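Raw work01.cif, mmCIF, C-alpha atoms:
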```cif
data_run
loop_
_atom_site.label_atom_id
_atom_site.label_comp_id
_atom_site.auth_asym_id
_atom_site.auth_seq_id
_atom_site.Cartn_x
_atom_site.Cartn_y
_atom_site.Cartn_z
CA MET N 1 0.18 17.97 -12.02
CA THR N 2 0.34 14.18 -11.84
CA ILE N 3 1.69 12.81 -8.58
CA GLU N 4 3.61 9.55 -8.84
CA PRO N 5 2.09 6.70 -6.80
CA LEU N 6 3.86 5.95 -3.52
CA ALA N 7 5.36 2.45 -3.75
CA LEU N 8 4.43 0.61 -0.57
CA ASP N 9 7.28 -1.04 1.31
CA LEU N 10 6.55 -4.74 0.91
CA THR N 11 8.60 -5.63 3.99
CA GLY N 12 6.31 -3.75 6.39
CA VAL N 13 9.26 -2.71 8.56
CA ASP N 14 7.58 0.57 9.53
CA ILE N 15 3.87 0.26 8.89
CA GLN N 16 2.78 3.22 11.02
CA GLY N 17 5.58 5.45 9.73
CA GLU N 18 4.57 4.65 6.18
CA ASN N 19 0.92 5.26 7.05
CA ALA N 20 1.87 8.75 8.18
CA ARG N 21 3.58 9.37 4.85
CA ILE N 22 0.53 8.13 2.95
CA ARG N 23 -1.81 10.24 5.09
CA ALA N 24 0.31 13.32 4.43
CA ARG N 25 -0.65 13.02 0.74
CA GLY N 26 -4.35 13.25 1.56
CA PRO N 27 -7.26 11.10 2.83
CA VAL N 28 -7.21 9.07 -0.40
CA THR N 29 -4.02 8.77 -2.41
CA LEU N 30 -2.54 6.59 -5.12
CA VAL N 31 -0.06 3.89 -4.07
CA GLU N 32 1.66 1.06 -5.90
CA LEU N 33 1.47 -2.61 -4.94
CA MET N 34 4.20 -4.47 -6.78
CA GLY N 35 3.54 -2.60 -10.01
CA VAL N 36 -0.24 -2.40 -9.55
CA PRO N 37 -1.81 0.99 -8.66
CA ALA N 38 -4.49 1.32 -5.97
CA TRP N 39 -6.12 4.13 -4.02
CA SER N 40 -5.11 3.91 -0.35
CA VAL N 41 -7.77 5.23 2.02
CA THR N 42 -6.36 6.34 5.38
CA ASP N 43 -9.14 8.69 6.52
CA ALA N 44 -11.46 6.81 8.91
CA ASP N 45 -14.65 8.61 7.89
CA VAL N 46 -13.97 8.31 4.16
CA LEU N 47 -13.02 4.64 4.51
CA LYS N 48 -16.16 3.88 6.52
CA ARG N 49 -18.32 5.50 3.85
CA LEU N 50 -16.57 3.64 1.03
CA LEU N 51 -16.84 0.29 2.82
CA ALA N 52 -20.62 0.75 2.99
CA ASP N 53 -20.98 2.20 -0.53
CA PRO N 54 -22.66 -0.08 -3.11
CA ARG N 55 -20.46 1.61 -5.75
CA VAL N 56 -17.50 -0.22 -4.19
CA SER N 57 -17.08 -3.90 -5.06
CA LYS N 58 -14.75 -6.73 -4.07
CA ASP N 59 -15.28 -8.69 -7.30
CA PRO N 60 -12.30 -8.16 -9.63
CA ALA N 61 -13.82 -10.13 -12.48
CA GLN N 62 -16.74 -7.71 -12.70
CA HIS N 63 -15.28 -4.43 -11.57
CA TRP N 64 -11.47 -4.24 -11.80
CA ALA N 65 -10.44 -3.16 -15.28
CA ALA N 66 -6.81 -4.30 -14.91
CA PHE N 67 -7.97 -7.76 -13.86
CA GLY N 68 -10.60 -8.04 -16.58
CA ASN N 69 -8.24 -7.08 -19.40
CA GLY N 70 -5.49 -9.45 -18.26
CA GLU N 71 -3.01 -6.89 -16.89
CA VAL N 72 -3.17 -8.60 -13.48
CA THR N 73 -2.04 -12.20 -13.92
CA PRO N 74 -1.47 -15.20 -11.64
CA GLU N 75 2.21 -14.17 -11.51
CA TRP N 76 1.29 -11.16 -9.36
CA PRO N 77 2.10 -12.17 -5.72
CA LEU N 78 -1.25 -10.86 -4.42
CA PHE N 79 -3.25 -12.76 -7.03
CA PRO N 80 -4.54 -15.34 -4.47
CA TRP N 81 -5.93 -12.44 -2.41
CA VAL N 82 -8.14 -11.23 -5.25
CA ALA N 83 -8.92 -14.34 -7.30
CA ALA N 84 -10.68 -16.49 -4.69
CA THR N 85 -14.39 -17.26 -5.10
CA ASN N 86 -15.94 -16.64 -1.70
CA MET N 87 -17.58 -13.96 0.44
CA PHE N 88 -14.32 -12.00 0.44
CA THR N 89 -14.54 -11.28 -3.29
CA ALA N 90 -18.30 -11.48 -3.91
CA TYR N 91 -20.53 -8.52 -4.75
CA GLY N 92 -24.23 -7.72 -4.51
CA ALA N 93 -26.69 -10.59 -4.74
CA ASP N 94 -23.86 -13.13 -5.03
CA HIS N 95 -22.36 -11.91 -1.76
CA ARG N 96 -25.74 -12.00 -0.02
CA ARG N 97 -26.24 -15.61 -1.19
CA LEU N 98 -22.80 -16.71 0.06
CA ARG N 99 -23.11 -14.85 3.36
CA LYS N 100 -26.49 -16.46 3.99
CA LEU N 101 -25.11 -19.93 3.30
CA VAL N 102 -22.05 -19.40 5.53
CA SER N 103 -23.81 -17.64 8.44
CA PRO N 104 -25.16 -20.85 10.08
CA ALA N 105 -21.57 -21.82 10.92
CA PHE N 106 -21.05 -18.54 12.82
CA THR N 107 -24.16 -18.20 14.94
CA HIS N 108 -23.84 -16.68 18.41
CA ARG N 109 -24.72 -20.05 19.91
CA ARG N 110 -21.99 -21.90 18.02
CA THR N 111 -19.43 -19.21 18.89
CA MET N 112 -20.25 -19.12 22.60
CA ALA N 113 -20.27 -22.92 22.73
CA LEU N 114 -16.54 -22.78 21.98
CA ARG N 115 -15.72 -20.99 25.27
CA PRO N 116 -14.92 -24.14 27.32
CA ARG N 117 -12.67 -25.52 24.58
CA ILE N 118 -10.88 -22.17 24.14
CA GLU N 119 -10.28 -22.04 27.90
CA GLU N 120 -8.90 -25.57 27.78
CA ILE N 121 -6.56 -24.73 24.89
CA VAL N 122 -5.34 -21.57 26.64
CA ASN N 123 -4.72 -23.34 29.94
CA THR N 124 -2.76 -26.13 28.24
CA LEU N 125 -0.55 -23.57 26.49
CA LEU N 126 0.00 -21.73 29.78
CA ASP N 127 0.98 -25.00 31.46
CA ASN N 128 3.53 -25.56 28.69
CA LEU N 129 4.94 -22.07 29.20
CA ALA N 130 5.07 -22.57 32.97
CA ALA N 131 7.38 -25.55 32.44
CA THR N 132 10.08 -23.17 31.13
CA PRO N 133 13.08 -23.09 33.48
CA ALA N 134 13.28 -19.88 35.53
CA GLY N 135 15.09 -17.07 33.75
CA GLU N 136 14.84 -18.59 30.29
CA THR N 137 13.25 -16.67 27.44
CA VAL N 138 10.01 -17.80 25.81
CA ASP N 139 8.51 -16.70 22.51
CA LEU N 140 4.96 -15.60 23.32
CA ARG N 141 3.98 -15.38 19.67
CA GLU N 142 5.07 -18.90 18.83
CA GLY N 143 4.13 -20.37 22.19
CA PHE N 144 0.85 -18.56 22.85
CA ALA N 145 -0.52 -15.98 20.39
CA TYR N 146 -0.08 -18.26 17.37
CA PRO N 147 -1.36 -21.62 18.65
CA VAL N 148 -4.52 -20.29 20.33
CA PRO N 149 -6.40 -19.35 17.12
CA ILE N 150 -4.91 -22.08 14.91
CA GLN N 151 -6.08 -24.76 17.34
CA VAL N 152 -9.49 -23.12 17.73
CA LEU N 153 -9.99 -22.78 13.98
CA THR N 154 -8.75 -26.21 12.97
CA GLU N 155 -11.01 -27.80 15.58
CA LEU N 156 -13.88 -25.57 14.51
CA MET N 157 -13.36 -26.70 10.92
CA GLY N 158 -12.86 -30.34 11.86
CA VAL N 159 -9.30 -30.58 10.48
CA PRO N 160 -7.73 -33.97 11.30
CA GLU N 161 -4.79 -33.54 13.67
CA ASP N 162 -2.26 -34.97 11.21
CA ARG N 163 -3.13 -32.29 8.60
CA GLU N 164 -2.80 -29.30 10.93
CA PRO N 165 1.00 -28.76 10.61
CA ALA N 166 0.91 -28.53 6.79
CA LEU N 167 -2.03 -26.15 6.93
CA ARG N 168 -0.24 -23.97 9.46
CA VAL N 169 2.76 -23.58 7.11
CA CYS N 170 0.45 -22.55 4.26
CA VAL N 171 -1.26 -19.90 6.41
CA ALA N 172 2.10 -18.37 7.35
CA ARG N 173 3.18 -18.21 3.69
CA PHE N 174 -0.13 -16.69 2.61
CA PHE N 175 0.63 -13.46 4.51
CA ASP N 176 4.25 -13.20 3.38
CA THR N 177 4.08 -10.59 0.61
CA GLU N 178 7.81 -10.91 -0.08
CA ILE N 179 7.74 -14.48 -1.40
CA SER N 180 8.10 -14.99 -5.14
CA PRO N 181 5.04 -15.19 -7.40
CA GLU N 182 5.87 -18.85 -8.09
CA ALA N 183 6.00 -19.63 -4.37
CA ALA N 184 2.76 -17.74 -3.70
CA GLY N 185 1.01 -19.66 -6.47
CA ALA N 186 2.35 -23.00 -5.29
CA ASN N 187 1.30 -22.21 -1.72
CA TYR N 188 -2.23 -21.39 -2.85
CA LEU N 189 -2.50 -24.68 -4.72
CA GLU N 190 -1.14 -26.63 -1.75
CA MET N 191 -3.60 -25.01 0.65
CA PHE N 192 -6.47 -25.49 -1.79
CA GLY N 193 -5.58 -29.18 -2.02
CA LEU N 194 -5.47 -29.59 1.77
CA ILE N 195 -8.89 -27.97 2.20
CA GLU N 196 -10.29 -29.96 -0.72
CA GLU N 197 -9.17 -33.14 1.07
CA LEU N 198 -10.87 -31.90 4.25
CA VAL N 199 -14.17 -31.31 2.44
CA ALA N 200 -14.03 -34.78 0.86
CA PHE N 201 -13.27 -36.33 4.26
CA LYS N 202 -16.16 -34.49 5.91
CA ARG N 203 -18.61 -35.53 3.22
CA ASP N 204 -17.93 -39.12 4.23
CA ASN N 205 -17.40 -38.41 7.95
CA PRO N 206 -19.70 -35.54 8.96
CA GLY N 207 -19.44 -34.16 12.48
CA ASP N 208 -20.38 -31.18 14.62
CA ASP N 209 -17.96 -28.83 12.86
CA MET N 210 -18.03 -25.88 10.47
CA THR N 211 -17.09 -27.88 7.39
CA SER N 212 -19.93 -30.33 7.95
CA VAL N 213 -22.38 -27.46 8.53
CA LEU N 214 -21.32 -25.76 5.28
CA ILE N 215 -21.66 -29.01 3.35
CA ALA N 216 -25.18 -29.56 4.70
CA THR N 217 -26.50 -25.98 4.49
CA ARG N 218 -28.97 -25.10 1.74
CA ASP N 219 -30.94 -21.90 1.24
CA GLU N 220 -34.72 -21.73 0.82
CA ASP N 221 -34.34 -22.50 -2.88
CA GLY N 222 -32.29 -25.60 -2.15
CA GLU N 223 -29.03 -24.01 -3.32
CA ARG N 224 -25.78 -24.85 -1.62
CA LEU N 225 -22.14 -23.79 -1.89
CA THR N 226 -20.33 -25.09 -4.96
CA GLU N 227 -17.23 -27.17 -4.37
CA LYS N 228 -14.90 -24.27 -5.18
CA GLU N 229 -16.94 -21.83 -3.08
CA MET N 230 -16.75 -24.30 -0.19
CA VAL N 231 -12.98 -24.65 -0.39
CA ASP N 232 -12.38 -20.93 -0.92
CA THR N 233 -14.69 -20.08 2.00
CA LEU N 234 -12.80 -22.40 4.35
CA MET N 235 -9.50 -20.95 3.13
CA LEU N 236 -10.86 -17.49 3.90
CA VAL N 237 -11.94 -18.57 7.39
CA ILE N 238 -8.59 -20.02 8.39
CA ASN N 239 -6.45 -17.30 6.79
CA ALA N 240 -8.43 -14.27 7.94
CA GLY N 241 -9.56 -15.73 11.26
CA HIS N 242 -6.14 -16.94 12.28
CA GLU N 243 -3.88 -14.03 11.36
CA THR N 244 -6.26 -11.42 12.75
CA THR N 245 -6.44 -13.08 16.15
CA VAL N 246 -2.70 -13.85 16.32
CA ASN N 247 -1.88 -10.20 15.75
CA LEU N 248 -4.59 -8.99 18.14
CA LEU N 249 -3.09 -11.10 20.95
CA ASP N 250 0.47 -10.20 19.92
CA GLN N 251 -0.15 -6.43 19.81
CA ALA N 252 -2.18 -6.42 23.06
CA ILE N 253 0.62 -8.24 24.90
CA VAL N 254 3.25 -5.80 23.62
CA ALA N 255 1.12 -2.74 24.31
CA LEU N 256 0.41 -3.74 27.90
CA LEU N 257 3.98 -4.77 28.67
CA THR N 258 5.30 -1.48 27.29
CA HIS N 259 2.66 0.55 29.18
CA PRO N 260 2.90 -0.87 32.72
CA GLU N 261 0.65 1.79 34.23
CA GLN N 262 -2.16 0.69 31.93
CA LEU N 263 -1.54 -2.97 32.72
CA ALA N 264 -1.81 -2.05 36.42
CA ALA N 265 -5.12 -0.29 35.73
CA VAL N 266 -6.70 -3.29 34.05
CA ARG N 267 -5.37 -5.61 36.75
CA ALA N 268 -6.93 -3.33 39.38
CA GLY N 269 -10.28 -3.47 37.59
CA GLU N 270 -10.25 0.24 36.76
CA VAL N 271 -10.78 -0.63 33.10
CA THR N 272 -11.93 -3.83 31.45
CA TRP N 273 -10.28 -6.35 29.18
CA ASP N 274 -12.80 -5.27 26.55
CA ASP N 275 -11.21 -1.81 26.77
CA VAL N 276 -7.80 -3.40 26.17
CA ILE N 277 -9.04 -5.35 23.16
CA GLU N 278 -10.82 -2.45 21.46
CA GLU N 279 -7.95 -0.02 22.02
CA THR N 280 -5.50 -2.59 20.64
CA LEU N 281 -7.67 -3.03 17.56
CA ARG N 282 -7.66 0.75 17.08
CA TYR N 283 -4.00 1.35 17.89
CA GLU N 284 -2.53 -1.56 15.90
CA ALA N 285 -5.07 -2.98 13.46
CA PRO N 286 -4.20 -6.69 12.97
CA VAL N 287 -4.45 -6.26 9.20
CA ALA N 288 -2.64 -3.08 8.15
CA HIS N 289 -3.77 -2.92 4.50
CA LEU N 290 -6.40 -5.21 3.00
CA PRO N 291 -6.35 -5.86 -0.77
CA LEU N 292 -8.62 -4.99 -2.62
CA ARG N 293 -11.84 -3.23 -3.54
CA TYR N 294 -12.88 -1.66 -6.86
CA ALA N 295 -14.87 1.34 -8.06
CA VAL N 296 -18.04 0.10 -9.79
CA GLU N 297 -18.47 3.58 -11.27
CA ASP N 298 -16.69 6.92 -11.00
CA ILE N 299 -16.66 7.97 -7.35
CA GLU N 300 -16.29 11.50 -6.05
CA ILE N 301 -15.64 11.65 -2.32
CA ASP N 302 -14.27 14.59 -0.33
CA GLY N 303 -12.92 16.16 -3.49
CA ILE N 304 -11.15 12.97 -4.59
CA HIS N 305 -11.99 11.30 -7.90
CA ILE N 306 -11.64 7.51 -8.06
CA PRO N 307 -12.22 6.40 -11.66
CA LYS N 308 -14.46 3.47 -12.49
CA GLY N 309 -12.61 0.15 -12.58
CA GLN N 310 -9.68 1.19 -10.39
CA ALA N 311 -8.54 -0.59 -7.23
CA ILE N 312 -9.03 0.65 -3.65
CA LEU N 313 -6.86 -0.37 -0.68
CA ALA N 314 -8.45 -0.30 2.77
CA SER N 315 -5.64 0.95 5.04
CA TYR N 316 -7.08 -0.10 8.40
CA ALA N 317 -3.98 0.56 10.51
CA ALA N 318 -3.85 4.14 9.26
CA ALA N 319 -7.57 4.73 9.77
CA GLY N 320 -7.28 3.56 13.39
CA ARG N 321 -4.89 6.41 14.09
CA ASP N 322 -6.74 9.08 12.14
CA PRO N 323 -6.20 12.34 14.09
CA LYS N 324 -9.51 13.68 12.73
CA LEU N 325 -11.29 10.99 14.76
CA HIS N 326 -8.94 10.43 17.69
CA GLY N 327 -7.31 13.84 18.09
CA GLU N 328 -3.79 14.66 19.19
CA THR N 329 -3.47 11.36 21.08
CA SER N 330 -4.27 9.18 18.06
CA GLU N 331 -0.70 7.81 18.06
CA SER N 332 -0.87 6.86 21.75
CA PHE N 333 -2.08 3.60 23.30
CA ASP N 334 -4.67 4.56 25.91
CA ILE N 335 -7.18 2.02 27.20
CA THR N 336 -9.01 4.78 29.09
CA ARG N 337 -9.88 6.82 25.98
CA VAL N 338 -13.62 7.20 25.52
CA ASN N 339 -13.70 6.84 21.74
CA LYS N 340 -12.06 3.61 20.63
CA ASP N 341 -13.84 3.44 17.28
CA HIS N 342 -11.99 1.46 14.62
CA LEU N 343 -12.57 -0.39 11.37
CA SER N 344 -10.25 -3.31 12.04
CA PHE N 345 -12.99 -5.86 11.33
CA GLY N 346 -14.24 -3.93 8.32
CA HIS N 347 -17.65 -2.29 7.93
CA GLY N 348 -20.83 -2.73 5.96
CA VAL N 349 -21.82 -5.95 4.21
CA HIS N 350 -18.25 -7.29 4.39
CA HIS N 351 -17.86 -6.79 8.14
CA CYS N 352 -15.90 -9.78 9.42
CA ILE N 353 -18.30 -12.61 10.20
CA GLY N 354 -15.75 -14.10 12.64
CA ALA N 355 -15.21 -10.92 14.70
CA PRO N 356 -17.16 -12.25 17.72
CA LEU N 357 -14.94 -15.35 17.78
CA ALA N 358 -11.73 -13.29 17.64
CA ARG N 359 -12.96 -11.10 20.50
CA LEU N 360 -13.97 -14.17 22.52
CA GLU N 361 -10.52 -15.74 22.10
CA ALA N 362 -8.82 -12.50 23.20
CA THR N 363 -11.21 -12.07 26.14
CA ILE N 364 -10.22 -15.52 27.40
CA ALA N 365 -6.53 -15.62 26.46
CA LEU N 366 -5.27 -12.21 27.61
CA PRO N 367 -6.43 -12.19 31.25
CA ALA N 368 -5.43 -15.84 31.59
CA LEU N 369 -1.88 -15.05 30.47
CA PHE N 370 -1.39 -12.01 32.71
CA ASN N 371 -3.04 -13.65 35.72
CA ARG N 372 -0.87 -16.75 35.38
CA PHE N 373 2.37 -14.77 35.06
CA PRO N 374 2.14 -11.53 37.09
CA ASP N 375 5.86 -10.80 36.55
CA LEU N 376 5.72 -11.28 32.79
CA HIS N 377 7.98 -8.87 30.88
CA LEU N 378 9.52 -8.53 27.44
CA ALA N 379 13.12 -9.68 27.21
CA ASP N 380 14.06 -6.60 25.16
CA PRO N 381 11.25 -4.24 24.05
CA THR N 382 13.65 -2.46 21.67
CA ALA N 383 14.49 -5.63 19.73
CA LEU N 384 11.03 -6.54 18.41
CA SER N 385 10.80 -7.02 14.64
CA PRO N 386 7.63 -6.82 12.51
CA VAL N 387 6.39 -9.77 10.50
CA ILE N 388 7.35 -9.62 6.83
CA GLY N 389 4.76 -7.99 4.61
CA PHE N 390 2.51 -4.94 4.45
CA ILE N 391 -0.76 -6.82 5.13
CA SER N 392 -0.20 -8.55 8.47
CA ASN N 393 0.56 -6.25 11.41
CA GLY N 394 2.37 -8.19 14.12
CA HIS N 395 5.83 -9.27 15.27
CA ARG N 396 8.06 -12.08 14.08
CA ASP N 397 8.51 -13.20 17.66
CA LEU N 398 7.84 -11.98 21.21
CA PRO N 399 10.79 -12.91 23.42
CA ALA N 400 9.70 -12.62 27.05
CA ARG N 401 10.48 -13.83 30.55
CA LEU N 402 7.77 -15.20 32.78
CA THR N 403 9.36 -14.38 36.14
CA ALA N 404 11.03 -11.34 37.65
CA ASN N 405 14.49 -12.98 37.63
#
```
How does this structure look as structure tokens?
Amino acid sequence: MTIEPLALDLTGVDIQGENARIRARGPVTLVELMGVPAWSVTDADVLKRLLADPRVSKDPAQHWAAFGNGEVTPEWPLFPWVAATNMFTAYGADHRRLRKLVSPAFTHRRTMALRPRIEEIVNTLLDNLAATPAGETVDLREGFAYPVPIQVLTELMGVPEDREPALRVCVARFFDTEISPEAAGANYLEMFGLIEELVAFKRDNPGDDMTSVLIATRDEDGERLTEKEMVDTLMLVINAGHETTVNLLDQAIVALLTHPEQLAAVRAGEVTWDDVIEETLRYEAPVAHLPLRYAVEDIEIDGIHIPKGQAILASYAAAGRDPKLHGETSESFDITRVNKDHLSFGHGVHHCIGAPLARLEATIALPALFNRFPDLHLADPTALSPVIGFISNGHRDLPARLTAN
């Protein structure tokens, strides 16, 4: 009997509820993304194995039949997610070449060197929040969770200050899976143009920034990133690096403020901020579903057959709450749990190269916020609304009050 694919709710109004419905159909099940079928993987063990399997590709041109035969066109709203030419969509030797060329911009030394600047950015934002008149509501997403990573990333990339606002608008649109295909295409072109301008500027005005490093880096054979690879790589960095960290901060703030006993435990030093961060990543993966991967050949896994050339959707938010891995408490936020394993930064050769930076930002920003405002509380925990879309897993805003009154 053929089971009809489950059409994903593009609004993302109930990501975890929908994940439960997907999981009920099995560890791997067919879903529909705006008319395009894909195999959603919600089982943590199965997903981890697929992410590390060389029979699974991220290159649609080589390995997605619907893309290769023209069924998936630029009019599809998720086209920018699959058509870029960078590490995100590369496979095999091509991916290894790109990763090697990009890695110098993400060394441990370069990441740790950002700590003083991240602290400065966080403290400035906290000073701005502290200027709010007593009793007034602040939006912690707009006023804190959002600007921390966008400022870190634009400075890391060397983006001129006057270009930051336009880039920020493009990033927000990129994750809105409800916008029209025309708007999604126009947004991609606008962002591509902004980054292209940045690369041209940095060729003439090199500095100690990621863009300049990428321009200068060559491998042992003298190869370097092509112009399109350069632009697409920087687009990947700002899109993936920003949204992931925004939602990590957002979800950690909400989780702690809605679990006061756990906030008290971390304040008392009974658990660490690393525990908070890892449990948040497990409990509410910043990216709920990540498009897309493709079966290089027929794959049989746990009794499921994924035909060659079909698409695979990594459902990270579902995998983080897999009861097979996390037991009966998988749906509960618990910073004291021993096993906080998650796949929120991916796994295998495509594990997020910027994960250490995201963790560093959260390690600095979260304790600074809660130490500065010990009476911080949500204005109305029942009124929080999710961001639009099934990819990004955060809230539209975080209305809160900084003082007890």
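Closest approach to Asp250 in chain N from the set N:Val102, N:Leu378, N:Ala265, N:Ile391 is made by N:Leu378, with distances taken over only C-alpha atoms.
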To verify the selection step, state as JSON, numbers by chain which residues the PyMOL selection byres ((chain N and resi 77-88) around 9) yields on this input. {"N": [33, 34, 58, 59, 60, 61, 72, 73, 74, 75, 76, 89, 90, 91, 94, 95, 96, 97, 98, 99, 102, 174, 177, 178, 179, 180, 181, 182, 183, 184, 185, 188, 228, 229, 230, 231, 232, 233, 234, 236, 291, 292, 293, 350]}
Selection near Ala105 in chain N, 8 Å with all atoms listed in the file, sequence-local residues under 5 positions removed, as a PyMOL selection string: chain N and resi 110+210+213-214
For CA of Pro386 in chain N and CA of Tyr294 in chain N, determine how far apart the two atoms are, in Å to one decimal place. 28.7 Å
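With only C-alpha atoms as the atoms that count, the residue of N:Asp397, N:Glu197, N:Asp322, N:Asp380 with the shortest distance to Ala24 in chain N is N:Asp322.
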Taking (4.0, -23.0, 24.6) in the file's coordinates as the center, which residues reach within 8 Å of it, counting all atoms listed in the file, put as a list in words?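 Protein, DNA and RNA residues close to (4.0, -23.0, 24.6): Leu125, Leu126, Asp127, Asn128, Leu129, Leu140, Glu142, Gly143 and Phe144 of chain N.
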For Phe175 in chain N, the nearest of the candidates N:Glu361, N:Glu243, N:Asp334, N:Asp45, counting all atoms listed in the file: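 Ranking N:Glu361, N:Glu243, N:Asp334, N:Asp45 by distance to Phe175 in chain N, first place goes to N:Glu243.
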Pick from N:Thr29, N:Thr154, N:Asn205, N:Thr245, whichever lies nearest to Leu360 in chain N using only C-alpha atoms: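 Ranking N:Thr29, N:Thr154, N:Asn205, N:Thr245 by distance to Leu360 in chain N, first place goes to N:Thr245.
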Reference answer for the PyMOL selection byres ((chain N and resi 145) around 6), as a PDB file with C-alpha atoms, keeping the file's coordinate frame:
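Written file, result_3.pdb:
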```
ATOM      1  CA  ARG N 141       3.980 -15.380  19.670  1.00  0.00           C
ATOM      2  CA  PHE N 144       0.850 -18.560  22.850  1.00  0.00           C
ATOM      3  CA  TYR N 146      -0.080 -18.260  17.370  1.00  0.00           C
ATOM      4  CA  PRO N 147      -1.360 -21.620  18.650  1.00  0.00           C
ATOM      5  CA  VAL N 148      -4.520 -20.290  20.330  1.00  0.00           C
ATOM      6  CA  VAL N 246      -2.700 -13.850  16.320  1.00  0.00           C
ATOM      7  CA  LEU N 249      -3.090 -11.100  20.950  1.00  0.00           C
ATOM      8  CA  ASP N 250       0.470 -10.200  19.920  1.00  0.00           C
TER       9      ASP N 250
END
```
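Residue nearest Gly158 in chain N, chosen from N:Asn339, N:Thr111, N:Thr211, N:Thr258 and counting all atoms listed in the file: N:Thr211.
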So, with only C-alpha atoms as the atoms that count, which of N:Glu164, N:Asp274, N:Asp176, N:Glu284 lies closest to Met191 in chain N?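 Nearest candidate to Met191 in chain N out of N:Glu164, N:Asp274, N:Asp176, N:Glu284: N:Glu164.
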Could you list, as an MDAnalysis selection string, every residue matched by the PyMOL selection byres ((chain N and resi 115-119) around 9) in this structure? chainID N and resid 111:114 120:124 148:149 151:152 360:361 364:365 368
Distance CA of Thr42 in chain N-CA of Ala318 in chain N, one decimal place?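 Result for CA of Thr42 in chain N versus CA of Ala318 in chain N: 5.1 Å, one decimal.
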Residues proximal to (-6.3, 3.9, -11.0) were defined as those with any atom within 9 Å of that point in the file's coordinates, counting only C-alpha atoms. Which are they, as a PyMOL selection string? chain N and resi 30+36-39+306-312
Hey, can you spit out that residue selection with C-alpha atoms as an mmCIF file, in the coordinates of the input?
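What ended up in part-v5.cif:
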```
data_model
loop_
_atom_site.group_PDB
_atom_site.id
_atom_site.type_symbol
_atom_site.label_atom_id
_atom_site.label_comp_id
_atom_site.auth_asym_id
_atom_site.auth_seq_id
_atom_site.Cartn_x
_atom_site.Cartn_y
_atom_site.Cartn_z
ATOM 1 C CA LEU N 30 -2.540 6.590 -5.120
ATOM 2 C CA VAL N 36 -0.240 -2.400 -9.550
ATOM 3 C CA PRO N 37 -1.810 0.990 -8.660
ATOM 4 C CA ALA N 38 -4.490 1.320 -5.970
ATOM 5 C CA TRP N 39 -6.120 4.130 -4.020
ATOM 6 C CA ILE N 306 -11.640 7.510 -8.060
ATOM 7 C CA PRO N 307 -12.220 6.400 -11.660
ATOM 8 C CA LYS N 308 -14.460 3.470 -12.490
ATOM 9 C CA GLY N 309 -12.610 0.150 -12.580
ATOM 10 C CA GLN N 310 -9.680 1.190 -10.390
ATOM 11 C CA ALA N 311 -8.540 -0.590 -7.230
ATOM 12 C CA ILE N 312 -9.030 0.650 -3.650
#
```
Can you work out the spacing between CA of Val338 in chain N and CA of Asn371 in chain N in Å, to one decimal? 25.5 Å
Exercise on range 154-167 of chain N, axis-aligned box with 5 Å per side, report centre and edge lengths in Å to one decimal, as AutoDock Vina command-line options:
```
--center_x -6.4 --center_y -30.3 --center_z 11.2 --size_x 24.9 --size_y 19.4 --size_z 18.8
```
For Leu194 in chain N, list every protein, DNA or RNA residue within 12 Å, evaluated using all atoms listed in the file, and leave out those in the same chain fewer than 2 positions away; present the list as a list in words.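 Skipping anything fewer than 2 positions along the chain leaves Val159, Pro160, Asp162, Arg163, Glu164, Pro165, Ala166, Leu167, Arg168, Val169, Cys170, Val171, Asn187, Tyr188, Leu189, Glu190, Met191, Phe192, Glu196, Glu197, Leu198, Val199, Ala200, Phe201, Val231, Asp232, Leu234 and Met235 of chain N.
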